[in-house]
file data-v9.pdb (PDB, C-alpha atoms)
ATOM      1  CA  MET A 100     -57.881 -82.966 -81.739
ATOM      2  CA  GLN A 101     -58.655 -83.918 -85.317
ATOM      3  CA  GLN A 102     -59.727 -80.335 -86.071
ATOM      4  CA  ASP A 103     -56.464 -78.985 -84.620
ATOM      5  CA  SER A 104     -54.484 -81.419 -86.800
ATOM      6  CA  ASN A 105     -56.363 -80.319 -89.908
ATOM      7  CA  ASN A 106     -55.763 -76.649 -89.080
ATOM      8  CA  GLN A 107     -52.025 -77.290 -88.612
ATOM      9  CA  THR A 108     -51.845 -79.103 -91.953
ATOM     10  CA  ALA A 109     -53.625 -76.211 -93.668
ATOM     11  CA  VAL A 110     -51.190 -73.715 -92.144
ATOM     12  CA  VAL A 111     -48.192 -75.790 -93.266
ATOM     13  CA  ASP A 112     -49.605 -76.116 -96.791
ATOM     14  CA  GLY A 113     -50.306 -72.401 -96.932
ATOM     15  CA  THR A 114     -46.794 -71.539 -95.785
ATOM     16  CA  ARG A 115     -45.276 -73.901 -98.355
ATOM     17  CA  GLN A 116     -47.352 -72.325-101.131
ATOM     18  CA  GLN A 117     -46.201 -68.846-100.076
ATOM     19  CA  LYS A 118     -42.555 -69.957-100.158
ATOM     20  CA  ASP A 119     -43.047 -71.559-103.578
ATOM     21  CA  GLN A 120     -44.628 -68.379-104.900
ATOM     22  CA  LEU A 121     -41.734 -66.283-103.601
ATOM     23  CA  LEU A 122     -39.302 -68.659-105.310
ATOM     24  CA  TYR A 123     -41.234 -68.377-108.577
ATOM     25  CA  ASP A 124     -41.380 -64.593-108.335
ATOM     26  CA  GLU A 125     -37.634 -64.293-107.755
ATOM     27  CA  GLU A 126     -36.729 -66.639-110.604
ATOM     28  CA  ILE A 127     -39.211 -65.047-113.022
ATOM     29  CA  ASP A 128     -37.666 -61.659-112.214
ATOM     30  CA  LYS A 129     -34.284 -63.120-113.191
ATOM     31  CA  LEU A 130     -35.674 -64.483-116.472
ATOM     32  CA  ILE A 131     -37.280 -61.151-117.381
ATOM     33  CA  GLU A 132     -34.024 -59.323-116.635
ATOM     34  CA  TRP A 133     -32.012 -61.876-118.637
ATOM     35  CA  LEU A 134     -34.333 -61.581-121.641
ATOM     36  CA  ARG A 135     -34.145 -57.785-121.474
ATOM     37  CA  TYR A 136     -30.354 -57.813-121.835
ATOM     38  CA  THR A 137     -29.975 -60.737-124.258
ATOM     39  CA  PRO A 138     -29.745 -58.915-127.587
ATOM     40  CA  HIS A 139     -31.283 -61.461-129.945
ATOM     41  CA  LEU A 140     -34.202 -62.585-127.762
ATOM     42  CA  PRO A 141     -37.608 -60.890-127.441
ATOM     43  CA  ASN A 142     -38.304 -58.856-124.332
ATOM     44  CA  VAL A 143     -40.962 -61.146-122.813
ATOM     45  CA  THR A 144     -42.639 -59.951-119.608
ATOM     46  CA  ASP A 145     -45.579 -62.376-119.433
ATOM     47  CA  ARG A 146     -44.967 -63.771-115.947
ATOM     48  CA  ALA A 147     -47.523 -66.587-116.175
ATOM     49  CA  TRP A 148     -45.996 -67.872-119.420
ATOM     50  CA  LEU A 149     -42.455 -67.664-118.059
ATOM     51  CA  ARG A 150     -43.576 -69.420-114.889
ATOM     52  CA  ASN A 151     -44.971 -72.292-116.941
ATOM     53  CA  CYS A 152     -41.672 -72.524-118.833
ATOM     54  CA  PHE A 153     -39.732 -72.531-115.555
ATOM     55  CA  ILE A 154     -41.896 -75.286-114.060
ATOM     56  CA  GLY A 155     -41.717 -77.255-117.304
ATOM     57  CA  ARG A 156     -37.912 -77.209-117.012
ATOM     58  CA  LYS A 157     -38.076 -78.626-113.479
ATOM     59  CA  LEU A 158     -37.441 -75.285-111.738
ATOM     60  CA  ARG A 159     -33.923 -75.012-113.155
ATOM     61  CA  ILE A 160     -33.145 -71.434-114.101
ATOM     62  CA  GLU A 161     -30.193 -72.165-116.394
ATOM     63  CA  ARG A 162     -32.049 -74.977-118.152
ATOM     64  CA  THR A 163     -34.980 -72.602-118.633
ATOM     65  CA  LYS A 164     -32.698 -69.990-120.192
ATOM     66  CA  GLU A 165     -31.248 -72.583-122.551
ATOM     67  CA  SER A 166     -34.729 -73.691-123.564
ATOM     68  CA  LEU A 167     -35.952 -70.134-124.159
ATOM     69  CA  ASP A 168     -32.890 -69.376-126.291
ATOM     70  CA  GLY A 169     -33.378 -72.462-128.455
ATOM     71  CA  TYR A 170     -37.160 -71.997-128.484
ATOM     72  CA  PHE A 171     -37.009 -68.505-130.005
ATOM     73  CA  CYS A 172     -34.097 -69.342-132.344
ATOM     74  CA  CYS A 173     -35.993 -72.305-133.777
ATOM     75  CA  ARG A 174     -38.889 -70.010-134.555
ATOM     76  CA  ALA A 175     -36.611 -67.605-136.384
ATOM     77  CA  LEU A 176     -34.796 -70.181-138.482
ATOM     78  CA  ILE A 177     -37.256 -72.956-139.350
ATOM     79  CA  ASN A 178     -39.755 -71.094-141.471
ATOM     80  CA  GLU A 179     -41.644 -74.180-142.637
ATOM     81  CA  PHE A 180     -42.680 -74.855-139.026
ATOM     82  CA  PHE A 181     -42.856 -71.306-137.664
ATOM     83  CA  GLY A 182     -43.605 -68.979-140.570
ATOM     84  CA  VAL A 183     -46.648 -66.694-140.527
ATOM     85  CA  ARG A 184     -48.920 -68.289-137.929
ATOM     86  CA  ASP A 185     -52.297 -67.322-139.310
ATOM     87  CA  PRO A 186     -55.053 -69.654-138.062
ATOM     88  CA  LEU A 187     -57.021 -68.709-141.168
ATOM     89  CA  GLY A 188     -54.102 -69.301-143.538
ATOM     90  CA  ASP A 189     -54.398 -72.071-146.106
ATOM     91  CA  ASP A 190     -51.649 -74.174-144.497
ATOM     92  CA  VAL A 191     -53.124 -74.112-140.985
ATOM     93  CA  GLN A 192     -56.655 -74.569-142.292
ATOM     94  CA  THR A 193     -55.504 -77.664-144.197
ATOM     95  CA  ALA A 194     -53.970 -79.095-141.029
ATOM     96  CA  MET A 195     -57.116 -78.308-139.048
ATOM     97  CA  ARG A 196     -59.209 -80.093-141.661
ATOM     98  CA  LYS A 197     -57.009 -83.193-141.521
ATOM     99  CA  THR A 198     -55.896 -83.474-137.888
ATOM    100  CA  TRP A 199     -57.071 -83.303-134.296
ATOM    101  CA  PHE A 200     -54.700 -82.178-131.536
ATOM    102  CA  GLY A 201     -56.197 -82.456-128.067
ATOM    103  CA  PHE A 202     -55.080 -82.025-124.452
ATOM    104  CA  SER A 203     -56.388 -84.088-121.568
ATOM    105  CA  THR A 204     -58.914 -82.364-119.348
ATOM    106  CA  ASN A 205     -57.231 -83.796-116.253
ATOM    107  CA  LEU A 206     -53.609 -84.064-115.131
ATOM    108  CA  THR A 207     -51.989 -87.140-113.617
ATOM    109  CA  GLU A 208     -51.058 -87.180-109.933
ATOM    110  CA  ASP A 209     -47.554 -86.094-110.968
ATOM    111  CA  GLY A 210     -48.918 -83.095-112.873
ATOM    112  CA  TYR A 211     -48.464 -84.568-116.357
ATOM    113  CA  GLN A 212     -50.820 -83.782-119.225
ATOM    114  CA  VAL A 213     -51.687 -86.072-122.134
ATOM    115  CA  ILE A 214     -51.449 -84.725-125.694
ATOM    116  CA  VAL A 215     -53.360 -86.798-128.220
ATOM    117  CA  THR A 216     -53.264 -86.488-132.004
ATOM    118  CA  LYS A 217     -55.128 -88.319-134.747
ATOM    119  CA  ASN A 218     -55.640 -87.694-138.434
ATOM    120  CA  ILE A 219     -59.277 -87.107-139.317
ATOM    121  CA  THR A 220     -58.704 -88.151-142.907
ATOM    122  CA  ASP A 221     -55.888 -89.581-145.005
ATOM    123  CA  GLU A 222     -56.701 -87.454-148.057
ATOM    124  CA  ASP A 223     -53.828 -86.301-150.248
ATOM    125  CA  VAL A 224     -53.042 -82.582-150.318
ATOM    126  CA  PRO A 225     -50.531 -80.695-152.493
ATOM    127  CA  GLY A 226     -47.085 -79.932-151.095
ATOM    128  CA  ARG A 227     -45.490 -81.070-147.841
ATOM    129  CA  PHE A 228     -48.391 -81.694-145.496
ATOM    130  CA  LEU A 229     -46.125 -82.819-142.643
ATOM    131  CA  ASP A 230     -44.676 -79.308-142.475
ATOM    132  CA  GLN A 231     -48.222 -77.956-142.152
ATOM    133  CA  TRP A 232     -49.030 -80.647-139.583
ATOM    134  CA  THR A 233     -45.964 -79.693-137.537
ATOM    135  CA  LYS A 234     -46.763 -75.994-137.794
ATOM    136  CA  TYR A 235     -50.261 -76.565-136.432
ATOM    137  CA  PHE A 236     -48.902 -78.921-133.765
ATOM    138  CA  TYR A 237     -46.579 -76.250-132.392
ATOM    139  CA  MET A 238     -49.343 -73.642-132.517
ATOM    140  CA  CYS A 239     -51.447 -75.973-130.379
ATOM    141  CA  ILE A 240     -48.792 -76.718-127.786
ATOM    142  CA  ASP A 241     -47.737 -73.045-127.667
ATOM    143  CA  TRP A 242     -51.342 -72.144-126.897
ATOM    144  CA  ASN A 243     -51.537 -74.878-124.268
ATOM    145  CA  LEU A 244     -48.250 -73.804-122.656
ATOM    146  CA  LYS A 245     -49.696 -70.335-122.131
ATOM    147  CA  ARG A 246     -52.881 -71.587-120.479
ATOM    148  CA  THR A 247     -51.779 -74.657-118.498
ATOM    149  CA  THR A 248     -49.113 -75.344-115.876
ATOM    150  CA  VAL A 249     -47.789 -78.898-116.208
ATOM    151  CA  ASN A 250     -44.751 -80.816-114.976
ATOM    152  CA  GLY A 251     -44.470 -82.858-118.159
ATOM    153  CA  VAL A 252     -46.356 -84.274-121.118
ATOM    154  CA  ILE A 253     -47.352 -87.724-122.357
ATOM    155  CA  MET A 254     -48.104 -88.048-126.056
ATOM    156  CA  ILE A 255     -50.519 -90.444-127.756
ATOM    157  CA  TYR A 256     -50.318 -90.573-131.541
ATOM    158  CA  ASP A 257     -53.119 -92.536-133.198
ATOM    159  CA  MET A 258     -51.935 -93.530-136.679
ATOM    160  CA  ALA A 259     -55.137 -95.259-137.791
ATOM    161  CA  THR A 260     -55.723 -92.827-140.671
ATOM    162  CA  THR A 261     -52.135 -92.008-141.577
ATOM    163  CA  ASN A 262     -51.429 -91.172-145.228
ATOM    164  CA  LYS A 263     -48.883 -93.736-146.421
ATOM    165  CA  ASN A 264     -47.432 -91.516-149.154
ATOM    166  CA  GLU A 265     -46.889 -88.606-146.756
ATOM    167  CA  LEU A 266     -45.226 -90.779-144.147
ATOM    168  CA  LEU A 267     -42.857 -92.559-146.535
ATOM    169  CA  THR A 268     -41.855 -89.575-148.683
ATOM    170  CA  GLN A 269     -41.978 -86.620-146.272
ATOM    171  CA  VAL A 270     -40.479 -88.056-143.071
ATOM    172  CA  THR A 271     -36.924 -87.404-144.232
ATOM    173  CA  PRO A 272     -33.779 -87.292-142.039
ATOM    174  CA  SER A 273     -33.855 -83.483-142.375
ATOM    175  CA  PHE A 274     -37.485 -83.334-141.206
ATOM    176  CA  LEU A 275     -36.754 -85.615-138.245
ATOM    177  CA  ARG A 276     -33.662 -83.633-137.278
ATOM    178  CA  LYS A 277     -35.520 -80.320-137.287
ATOM    179  CA  SER A 278     -38.460 -81.807-135.419
ATOM    180  CA  LEU A 279     -36.237 -83.293-132.724
ATOM    181  CA  HIS A 280     -34.307 -80.037-132.281
ATOM    182  CA  CYS A 281     -37.560 -78.129-131.812
ATOM    183  CA  SER A 282     -38.895 -80.636-129.296
ATOM    184  CA  THR A 283     -35.581 -80.546-127.411
ATOM    185  CA  TYR A 284     -35.926 -76.840-126.730
ATOM    186  CA  PHE A 285     -39.626 -76.785-125.988
ATOM    187  CA  PRO A 286     -40.021 -76.148-122.235
ATOM    188  CA  TYR A 287     -41.855 -79.378-121.484
ATOM    189  CA  LYS A 288     -40.488 -82.541-119.932
ATOM    190  CA  LEU A 289     -41.315 -85.448-122.261
ATOM    191  CA  ILE A 290     -42.490 -88.345-120.099
ATOM    192  CA  GLN A 291     -43.729 -90.914-122.624
ATOM    193  CA  VAL A 292     -44.753 -91.251-126.283
ATOM    194  CA  HIS A 293     -47.334 -93.884-127.260
ATOM    195  CA  PHE A 294     -47.931 -94.821-130.905
ATOM    196  CA  ILE A 295     -51.121 -96.785-131.554
ATOM    197  CA  ASN A 296     -52.625 -98.349-134.673
ATOM    198  CA  VAL A 297     -49.177 -98.233-136.281
ATOM    199  CA  PRO A 298     -49.130 -99.442-139.918
ATOM    200  CA  SER A 299     -46.573-102.131-140.732
ATOM    201  CA  TYR A 300     -44.789 -99.977-143.313
ATOM    202  CA  ALA A 301     -43.917 -97.412-140.622
ATOM    203  CA  ALA A 302     -41.464 -99.690-138.787
ATOM    204  CA  VAL A 303     -38.415 -98.389-140.660
ATOM    205  CA  ILE A 304     -39.294 -94.796-139.734
ATOM    206  CA  PHE A 305     -39.518 -95.670-136.048
ATOM    207  CA  ASN A 306     -36.148 -97.355-136.211
ATOM    208  CA  ILE A 307     -34.659 -94.160-137.676
ATOM    209  CA  LEU A 308     -36.444 -92.042-135.079
ATOM    210  CA  LYS A 309     -35.178 -94.157-132.186
ATOM    211  CA  SER A 310     -31.628 -94.021-133.522
ATOM    212  CA  LEU A 311     -31.706 -90.213-133.369
ATOM    213  CA  VAL A 312     -32.708 -89.817-129.726
ATOM    214  CA  PRO A 313     -30.793 -90.624-126.501
ATOM    215  CA  LYS A 314     -31.284 -94.062-124.965
ATOM    216  CA  LYS A 315     -33.149 -92.464-122.079
ATOM    217  CA  ILE A 316     -35.764 -91.200-124.528
ATOM    218  CA  GLN A 317     -35.851 -94.489-126.459
ATOM    219  CA  SER A 318     -37.102 -96.195-123.310
ATOM    220  CA  ARG A 319     -40.044 -93.789-123.194
ATOM    221  CA  ILE A 320     -41.327 -94.602-126.693
ATOM    222  CA  PHE A 321     -43.988 -97.317-126.925
ATOM    223  CA  MET A 322     -45.896 -98.928-129.810
ATOM    224  CA  HIS A 323     -49.154-100.744-129.071
ATOM    225  CA  ASN A 324     -51.017-103.347-131.094
ATOM    226  CA  ASP A 325     -54.083-102.810-128.923
ATOM    227  CA  PRO A 326     -54.833 -99.060-128.609
ATOM    228  CA  THR A 327     -56.444 -99.514-125.196
ATOM    229  CA  ASP A 328     -53.088-100.732-123.833
ATOM    230  CA  VAL A 329     -52.313 -97.070-123.101
ATOM    231  CA  ILE A 330     -54.444 -97.308-119.953
ATOM    232  CA  GLN A 331     -51.764 -99.586-118.511
ATOM    233  CA  HIS A 332     -49.415 -96.585-118.585
ATOM    234  CA  ILE A 333     -51.744 -93.594-118.137
ATOM    235  CA  PRO A 334     -54.566 -93.018-115.612
ATOM    236  CA  LYS A 335     -57.988 -93.523-117.212
ATOM    237  CA  GLU A 336     -59.051 -90.015-116.186
ATOM    238  CA  CYS A 337     -56.462 -88.639-118.631
ATOM    239  CA  VAL A 338     -57.186 -91.003-121.546
ATOM    240  CA  PRO A 339     -59.790 -90.224-124.244
ATOM    241  CA  SER A 340     -62.966 -92.291-124.129
ATOM    242  CA  ASP A 341     -62.114 -93.709-127.593
ATOM    243  CA  LEU A 342     -59.156 -95.504-125.999
ATOM    244  CA  GLY A 343     -60.906 -96.882-122.942
ATOM    245  CA  GLY A 344     -60.467 -93.847-120.712
ATOM    246  CA  TYR A 345     -62.848 -91.486-118.929
ATOM    247  CA  ASP A 346     -61.871 -88.215-120.607
ATOM    248  CA  LYS A 347     -63.671 -86.659-123.581
ATOM    249  CA  SER A 348     -63.283 -88.214-127.033
ATOM    250  CA  ILE A 349     -60.334 -87.377-129.285
ATOM    251  CA  GLN A 350     -62.707 -85.432-131.534
ATOM    252  CA  GLU A 351     -64.100 -83.366-128.648
ATOM    253  CA  LEU A 352     -60.628 -82.551-127.335
ATOM    254  CA  GLY A 353     -59.399 -81.728-130.850
ATOM    255  CA  GLU A 354     -62.341 -79.489-131.701
ATOM    256  CA  PHE A 355     -61.887 -77.594-128.422
ATOM    257  CA  THR A 356     -58.249 -76.901-129.287
ATOM    258  CA  LYS A 357     -59.076 -75.867-132.860
ATOM    259  CA  ASN A 358     -61.775 -73.430-131.747
ATOM    260  CA  ASN A 359     -59.394 -71.814-129.273
ATOM    261  CA  ILE A 360     -56.610 -71.490-131.860
ATOM    262  CA  LEU A 361     -59.067 -69.694-134.148
ATOM    263  CA  ALA A 362     -60.174 -67.439-131.286
ATOM    264  CA  GLU A 363     -56.559 -66.532-130.427
ATOM    265  CA  SER A 364     -55.640 -65.330-133.922
ATOM    266  CA  GLU A 365     -54.169 -62.044-132.666
ATOM    267  CA  LEU A 366     -51.925 -63.868-130.186
ATOM    268  CA  PHE A 367     -50.386 -65.872-133.029
ATOM    269  CA  MET A 368     -50.182 -63.045-135.540
ATOM    270  CA  ASN A 369     -48.980 -60.140-133.391
ATOM    271  CA  GLY A 370     -48.808 -61.283-129.765
ATOM    272  CA  LEU A 371     -46.660 -63.458-127.532
ATOM    273  CA  LEU A 372     -46.978 -66.526-129.748
ATOM    274  CA  SER A 373     -45.617 -64.678-132.774
ATOM    275  CA  LEU A 374     -42.288 -63.752-131.140
ATOM    276  CA  LYS A 375     -38.957 -64.975-132.563
ATOM    277  CA  ALA A 376     -35.263 -64.352-132.064
ATOM    278  CA  ASP A 377     -33.501 -61.650-134.068
ATOM    279  CA  MET A 378     -30.674 -63.744-135.481
ATOM    280  CA  GLU A 379     -28.783 -60.713-136.795
ATOM    281  CA  LYS A 380     -28.236 -59.663-133.180
ATOM    282  CA  LYS A 381     -27.213 -63.101-131.942
ATOM    283  CA  PRO A 382     -23.616 -63.241-130.698
ATOM    284  CA  THR A 383     -21.524 -65.417-133.000
ATOM    285  CA  ASP A 384     -18.235 -67.222-132.718
ATOM    286  CA  LYS A 385     -15.939 -68.001-135.640
ATOM    287  CA  ASN A 386     -15.479 -71.516-134.235
ATOM    288  CA  SER A 387     -19.208 -72.169-133.884
ATOM    289  CA  ASN A 388     -20.524 -75.362-135.438
ATOM    290  CA  GLU A 389     -23.786 -75.881-137.301
ATOM    291  CA  GLN A 390     -25.762 -76.818-134.208
ATOM    292  CA  SER A 391     -24.632 -73.829-132.135
ATOM    293  CA  GLU A 392     -25.149 -71.498-135.085
ATOM    294  CA  LEU A 393     -28.714 -72.704-135.429
ATOM    295  CA  PHE A 394     -29.665 -72.839-131.777
ATOM    296  CA  GLY A 395     -28.394 -70.028-129.608
ATOM    297  CA  PHE A 396     -25.059 -69.098-128.047
ATOM    298  CA  ASP A 397     -22.067 -71.172-129.033
ATOM    299  CA  GLY A 398     -21.547 -74.146-126.762
ATOM    300  CA  ASN A 399     -24.717 -73.713-124.698
ATOM    301  CA  PHE A 400     -26.723 -76.554-126.141
ATOM    302  CA  LYS A 401     -24.306 -79.299-127.069
ATOM    303  CA  GLN A 402     -25.189 -81.311-123.979
ATOM    304  CA  LEU A 403     -28.828 -80.299-123.674
ATOM    305  CA  ASN A 404     -31.016 -83.429-123.573
ATOM    306  CA  ILE A 405     -34.740 -83.948-123.432
ATOM    307  CA  ASP A 406     -35.317 -84.946-119.842
TER
END

call {"tool": "encode", "arguments": {"input": "data-v9.pdb", "output": "C-alpha cells"}}
result
Amino acid sequence: MQQDSNNQTAVVDGTRQQKDQLLYDEEIDKLIEWLRYTPHLPNVTDRAWLRNCFIGRKLRIERTKESLDGYFCCRALINEFFGVRDPLGDDVQTAMRKTWFGFSTNLTEDGYQVIVTKNITDEDVPGRFLDQWTKYFYMCIDWNLKRTTVNGVIMIYDMATTNKNELLTQVTPSFLRKSLHCSTYFPYKLIQVHFINVPSYAAVIFNILKSLVPKKIQSRIFMHNDPTDVIQHIPKECVPSDLGGYDKSIQELGEFTKNNILAESELFMNGLLSLKADMEKKPTDKNSNEQSELFGFDGNFKQLNID
C-alpha cells in the first residue's frame, strides 16, 4: 500500500510539473513576442533567462514586462552603472580588487538565495568608487540571474572594512535615487536586507535610505550589532561560515563569482548581458514626467513597488 501511495504522489508531482512547464512556455512565448514588437527594447529570445525573470516577478506577466522595460532603460541611461561592461576594464578590476560579491550555494525552503557582499580592503582609489562598486554589483547579479532560478533574494552587507570617506562623500541623494530605481526594476523579489558591522557614522545614511523606500521595504531592512544574528533570520545552510553558517566563506563565494565574471567576458561585452534599450525609439508623451521619461512608457511605472 505504501508503494502505491508513493507512486500516486510521484504521478501527481509529475503532472503538476508538466502543467507548470506549459504555463512557463506559454508566458515566455508572450514575452518574446512582446519584446519583438516593442520598438525600444532588445529582441531577447533566451527562454531560460526570461523564465527566471518571470519567476522572479512572481509569475505575473504584466509585472515582468514592466520590470524588463525599466531594466533595459536603466542600462541605457545610467552610464556610470551600466557603461562598457568589460571585466578587464580598470573600473571593474578596481571593484574586483576591493570587493567580494557572493551567492549562497543553497536556497532556502522558499527558494530564496542569499547575496553577500564585503569589502576586501578600505583603500582609497581615485574617482567615484561607489559607481564602480555598483557597476560590478549589477554585473554579478546579472550573471547570477542568467544561471539561477530563485523566488527572491536576501542580502547581507558586511561593512567591517567600509571606506569612511567613500561612504560619507559618495552616497549622495542622486546616487541613492539611481540605485533604488535600478533595484526596483531588477526582476528579483527583495525579501530582506541585513547590514552587519555597521560603523556609527553610517547611521545618517541609513535614515536617508529608509526614508526613500516604501514602509513595506523599511520593515525588511535590519542592522545587527552581532554579525551572527543573521542566522536568526536565514537558514544556516545559506549563511557563510564566517557568520556562523554552514555555507562556504564570503571569500570563497566572492572568488567564485569573480572568476565566472572574468570567464563570461563575451557575454558582458557583446552578448545578452550587454543589451540596453534604444531610447531614441522609445515612445514619448509630451506630458511625461521625469520618472516616466527615464524608465519606460509614460505612466507604466508610477505605482511599481519592490515587492

call {"tool": "resolve_selection", "arguments": {"input": "data-v9.pdb", "expression": "the PyMOL selection byres ((chain A and resi 356-371) around 10)", "output": "JSON, numbers by chain"}}
result
{"A": [141, 143, 144, 145, 148, 183, 184, 185, 186, 187, 192, 195, 196, 198, 199, 200, 201, 202, 235, 238, 239, 240, 241, 242, 243, 245, 350, 351, 352, 353, 354, 355, 372, 373, 374, 375]}

call {"tool": "closest_residue", "arguments": {"input": "data-v9.pdb", "among": "A:Val270, A:Thr207, A:Lys263, A:Asn250", "to": "A:Asp223", "atoms": "all atoms listed in the file"}}
result
A:Lys263

call {"tool": "resolve_selection", "arguments": {"input": "data-v9.pdb", "expression": "the PyMOL selection byres ((chain A and resi 334-338) around 12)", "output": "PDB file with C-alpha atoms, in the coordinates of the input"}}
result
ATOM      1  CA  GLY A 201     -56.197 -82.456-128.067  1.00  0.00           C
ATOM      2  CA  PHE A 202     -55.080 -82.025-124.452  1.00  0.00           C
ATOM      3  CA  SER A 203     -56.388 -84.088-121.568  1.00  0.00           C
ATOM      4  CA  THR A 204     -58.914 -82.364-119.348  1.00  0.00           C
ATOM      5  CA  ASN A 205     -57.231 -83.796-116.253  1.00  0.00           C
ATOM      6  CA  LEU A 206     -53.609 -84.064-115.131  1.00  0.00           C
ATOM      7  CA  THR A 207     -51.989 -87.140-113.617  1.00  0.00           C
ATOM      8  CA  GLU A 208     -51.058 -87.180-109.933  1.00  0.00           C
ATOM      9  CA  ASP A 209     -47.554 -86.094-110.968  1.00  0.00           C
ATOM     10  CA  GLY A 210     -48.918 -83.095-112.873  1.00  0.00           C
ATOM     11  CA  TYR A 211     -48.464 -84.568-116.357  1.00  0.00           C
ATOM     12  CA  GLN A 212     -50.820 -83.782-119.225  1.00  0.00           C
ATOM     13  CA  VAL A 213     -51.687 -86.072-122.134  1.00  0.00           C
ATOM     14  CA  ILE A 214     -51.449 -84.725-125.694  1.00  0.00           C
ATOM     15  CA  VAL A 215     -53.360 -86.798-128.220  1.00  0.00           C
ATOM     16  CA  VAL A 252     -46.356 -84.274-121.118  1.00  0.00           C
ATOM     17  CA  ILE A 253     -47.352 -87.724-122.357  1.00  0.00           C
ATOM     18  CA  MET A 254     -48.104 -88.048-126.056  1.00  0.00           C
ATOM     19  CA  ILE A 255     -50.519 -90.444-127.756  1.00  0.00           C
ATOM     20  CA  HIS A 293     -47.334 -93.884-127.260  1.00  0.00           C
ATOM     21  CA  PRO A 326     -54.833 -99.060-128.609  1.00  0.00           C
ATOM     22  CA  THR A 327     -56.444 -99.514-125.196  1.00  0.00           C
ATOM     23  CA  ASP A 328     -53.088-100.732-123.833  1.00  0.00           C
ATOM     24  CA  VAL A 329     -52.313 -97.070-123.101  1.00  0.00           C
ATOM     25  CA  ILE A 330     -54.444 -97.308-119.953  1.00  0.00           C
ATOM     26  CA  GLN A 331     -51.764 -99.586-118.511  1.00  0.00           C
ATOM     27  CA  HIS A 332     -49.415 -96.585-118.585  1.00  0.00           C
ATOM     28  CA  ILE A 333     -51.744 -93.594-118.137  1.00  0.00           C
ATOM     29  CA  PRO A 339     -59.790 -90.224-124.244  1.00  0.00           C
ATOM     30  CA  SER A 340     -62.966 -92.291-124.129  1.00  0.00           C
ATOM     31  CA  ASP A 341     -62.114 -93.709-127.593  1.00  0.00           C
ATOM     32  CA  LEU A 342     -59.156 -95.504-125.999  1.00  0.00           C
ATOM     33  CA  GLY A 343     -60.906 -96.882-122.942  1.00  0.00           C
ATOM     34  CA  GLY A 344     -60.467 -93.847-120.712  1.00  0.00           C
ATOM     35  CA  TYR A 345     -62.848 -91.486-118.929  1.00  0.00           C
ATOM     36  CA  ASP A 346     -61.871 -88.215-120.607  1.00  0.00           C
ATOM     37  CA  LYS A 347     -63.671 -86.659-123.581  1.00  0.00           C
ATOM     38  CA  SER A 348     -63.283 -88.214-127.033  1.00  0.00           C
ATOM     39  CA  ILE A 349     -60.334 -87.377-129.285  1.00  0.00           C
ATOM     40  CA  LEU A 352     -60.628 -82.551-127.335  1.00  0.00           C
TER      41      LEU A 352
END

call {"tool": "closest_residue", "arguments": {"input": "data-v9.pdb", "among": "A:Tyr123, A:Tyr287, A:Phe236, A:Phe274", "to": "A:Leu308", "atoms": "only C-alpha atoms"}}
result
A:Phe274

call {"tool": "atom_distance", "arguments": {"input": "data-v9.pdb", "atom1": "atom CA of A:Ala175", "atom2": "atom CA of A:Ala376"}}
result
5.6 Å

call {"tool": "atom_distance", "arguments": {"input": "data-v9.pdb", "atom1": "atom CA of A:Glu179", "atom2": "atom CA of A:Lys315"}}
result
28.8 Å

call {"tool": "closest_residue", "arguments": {"input": "data-v9.pdb", "among": "A:Val249, A:Ile131, A:Leu266, A:Cys173", "to": "A:His280", "atoms": "all atoms listed in the file"}}
result
A:Cys173

call {"tool": "residues_around", "arguments": {"input": "data-v9.pdb", "residues": "A:Val224", "least_positions_apart": "3", "cutoff": "10 Å", "atoms": "only C-alpha atoms", "output": "PyMOL selection string"}}
result
chain A and resi 193-194+197+221+227-228+265

call {"tool": "residues_near_point", "arguments": {"input": "data-v9.pdb", "point": "(-44.7, -84.7, -135.3)", "cutoff": "10 Å", "atoms": "only C-alpha atoms", "output": "ChimeraX atom specification"}}
result
/A:216,229-230,232-237,256,270,274-275,278-279,282

call {"tool": "resolve_selection", "arguments": {"input": "data-v9.pdb", "expression": "the PyMOL selection byres ((chain A and resi 170) around 9)", "output": "PyMOL selection string"}}
result
chain A and resi 165-169+171-174+281-286+375-376+394

call {"tool": "write_last_selection", "arguments": {"input": "data-v9.pdb", "atoms": "C-alpha atoms", "output": "CSV table (one decimal), in the coordinates of the input"}}
result
chain,number,residue,atom,x,y,z
A,165,GLU,CA,-31.2,-72.6,-122.6
A,166,SER,CA,-34.7,-73.7,-123.6
A,167,LEU,CA,-36.0,-70.1,-124.2
A,168,ASP,CA,-32.9,-69.4,-126.3
A,169,GLY,CA,-33.4,-72.5,-128.5
A,171,PHE,CA,-37.0,-68.5,-130.0
A,172,CYS,CA,-34.1,-69.3,-132.3
A,173,CYS,CA,-36.0,-72.3,-133.8
A,174,ARG,CA,-38.9,-70.0,-134.6
A,281,CYS,CA,-37.6,-78.1,-131.8
A,282,SER,CA,-38.9,-80.6,-129.3
A,283,THR,CA,-35.6,-80.5,-127.4
A,284,TYR,CA,-35.9,-76.8,-126.7
A,285,PHE,CA,-39.6,-76.8,-126.0
A,286,PRO,CA,-40.0,-76.1,-122.2
A,375,LYS,CA,-39.0,-65.0,-132.6
A,376,ALA,CA,-35.3,-64.4,-132.1
A,394,PHE,CA,-29.7,-72.8,-131.8
